[in-house]
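One structure is given below, encoded as structure tokens.
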Amino acid sequence: MKNFRIYGKDNKMKSYKAFDYSNGFFVDNLIYATIIKENEYEKAIKAIDFMNSNNKDYHFELREVK
């Protein structure tokens, strides 16, 4: 089973950071990042599309945990 994390950045950040979806914060320690299970993938994609369309200063994406 695959797992995914949400990564994002604002327009001023050079690189993407892991995101804690529950609290709405970028995190440095991956233990605090939200894990998305494979069966929640479609729901997560919709949430990320919503976040991207409503936050023009930020960009979010879903990445597979390796």
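Simple scheme: letters A, B, ... for chains in structure tokens order, numbers from 1 for residues in each chain, numbers from 1 for ligands in the order shown.
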
Using only C-alpha atoms, tabulate the residues of stretch 28-64 of chain A lying at most 8 Å from any atom of stretch 12-19 of chain A, each with its closest atom pair and that distance in Å to one decimal, by chain and increasing residue number, as a tab-separated table.
residue	atom	partner	partner_atom	distance
A:Asp28	CA	A:Ala18	CA	7.0
A:Leu30	CA	A:Ala18	CA	6.7
A:Ala33	CA	A:Phe19	CA	5.3
A:Thr34	CA	A:Phe19	CA	6.5

Counting only C-alpha atoms, what is within 10 Å of A:Ile35, bar same-chain residues fewer than 6 positions away, as an NGL selection string? :A and (3-6 or 19-21 or 64-65)

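Residues of chain A assigned to alpha helix (DSSP H) by DSSP on this structure's backbone: Tyr41, Glu42, Lys43, Ala44, Ile45, Lys46, Ala47, Ile48, Asp49, Phe50, Met51, Asn52, Ser53 and Asn54 of chain A.
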
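With only C-alpha atoms as the basis for measurement, A:Asn11 is the residue among A:Phe25, A:Ile36, A:Asn11, A:Lys43 that approaches A:Asn55 most closely.
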
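With distances restricted to only C-alpha atoms, A:Leu62 is the closest residue to A:Ala44 from A:Leu62, A:Ser22, A:Lys2, A:Tyr7.
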
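Here the question is which of A:Asp49, A:Gly8, A:Asn39, A:Arg63 gets nearest to A:Gly24 using only C-alpha atoms, and that residue is A:Gly8.
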
Using DSSP on the backbone, list every residue of chain A that comes out as strand (DSSP E), and give them as a PDB file with C-alpha atoms, in the first residue's frame.
ATOM      1  CA  ASN A   3       1.417   6.409   1.371  1.00  0.00           C
ATOM      2  CA  PHE A   4       1.602  10.074   0.408  1.00  0.00           C
ATOM      3  CA  ARG A   5       2.493  13.399   2.026  1.00  0.00           C
ATOM      4  CA  ILE A   6       1.361  16.899   1.183  1.00  0.00           C
ATOM      5  CA  TYR A   7       4.192  19.270   0.319  1.00  0.00           C
ATOM      6  CA  GLY A   8       3.854  22.968  -0.283  1.00  0.00           C
ATOM      7  CA  LYS A   9       5.594  26.300  -0.474  1.00  0.00           C
ATOM      8  CA  ASP A  10       4.745  29.954  -0.713  1.00  0.00           C
ATOM      9  CA  LYS A  17       8.253  21.606   2.840  1.00  0.00           C
ATOM     10  CA  ALA A  18       6.088  18.880   4.305  1.00  0.00           C
ATOM     11  CA  PHE A  19       2.672  20.052   5.481  1.00  0.00           C
ATOM     12  CA  ASP A  20       0.572  19.256   8.536  1.00  0.00           C
ATOM     13  CA  PHE A  25       1.461  24.422   9.174  1.00  0.00           C
ATOM     14  CA  PHE A  26       4.595  23.597   7.238  1.00  0.00           C
ATOM     15  CA  VAL A  27       6.802  21.275   9.303  1.00  0.00           C
ATOM     16  CA  ILE A  35       0.274  10.868   5.959  1.00  0.00           C
ATOM     17  CA  ILE A  36      -2.313  10.166   3.263  1.00  0.00           C
ATOM     18  CA  LYS A  37      -3.214   6.513   2.693  1.00  0.00           C
ATOM     19  CA  TYR A  58       0.984  29.016  -2.125  1.00  0.00           C
ATOM     20  CA  HIS A  59       1.411  25.859  -4.171  1.00  0.00           C
ATOM     21  CA  PHE A  60       0.693  22.385  -2.792  1.00  0.00           C
ATOM     22  CA  GLU A  61       1.294  18.918  -4.217  1.00  0.00           C
ATOM     23  CA  LEU A  62       0.991  15.290  -3.188  1.00  0.00           C
ATOM     24  CA  ARG A  63       4.148  13.166  -3.161  1.00  0.00           C
ATOM     25  CA  GLU A  64       4.583   9.466  -2.602  1.00  0.00           C
TER      26      GLU A  64
END
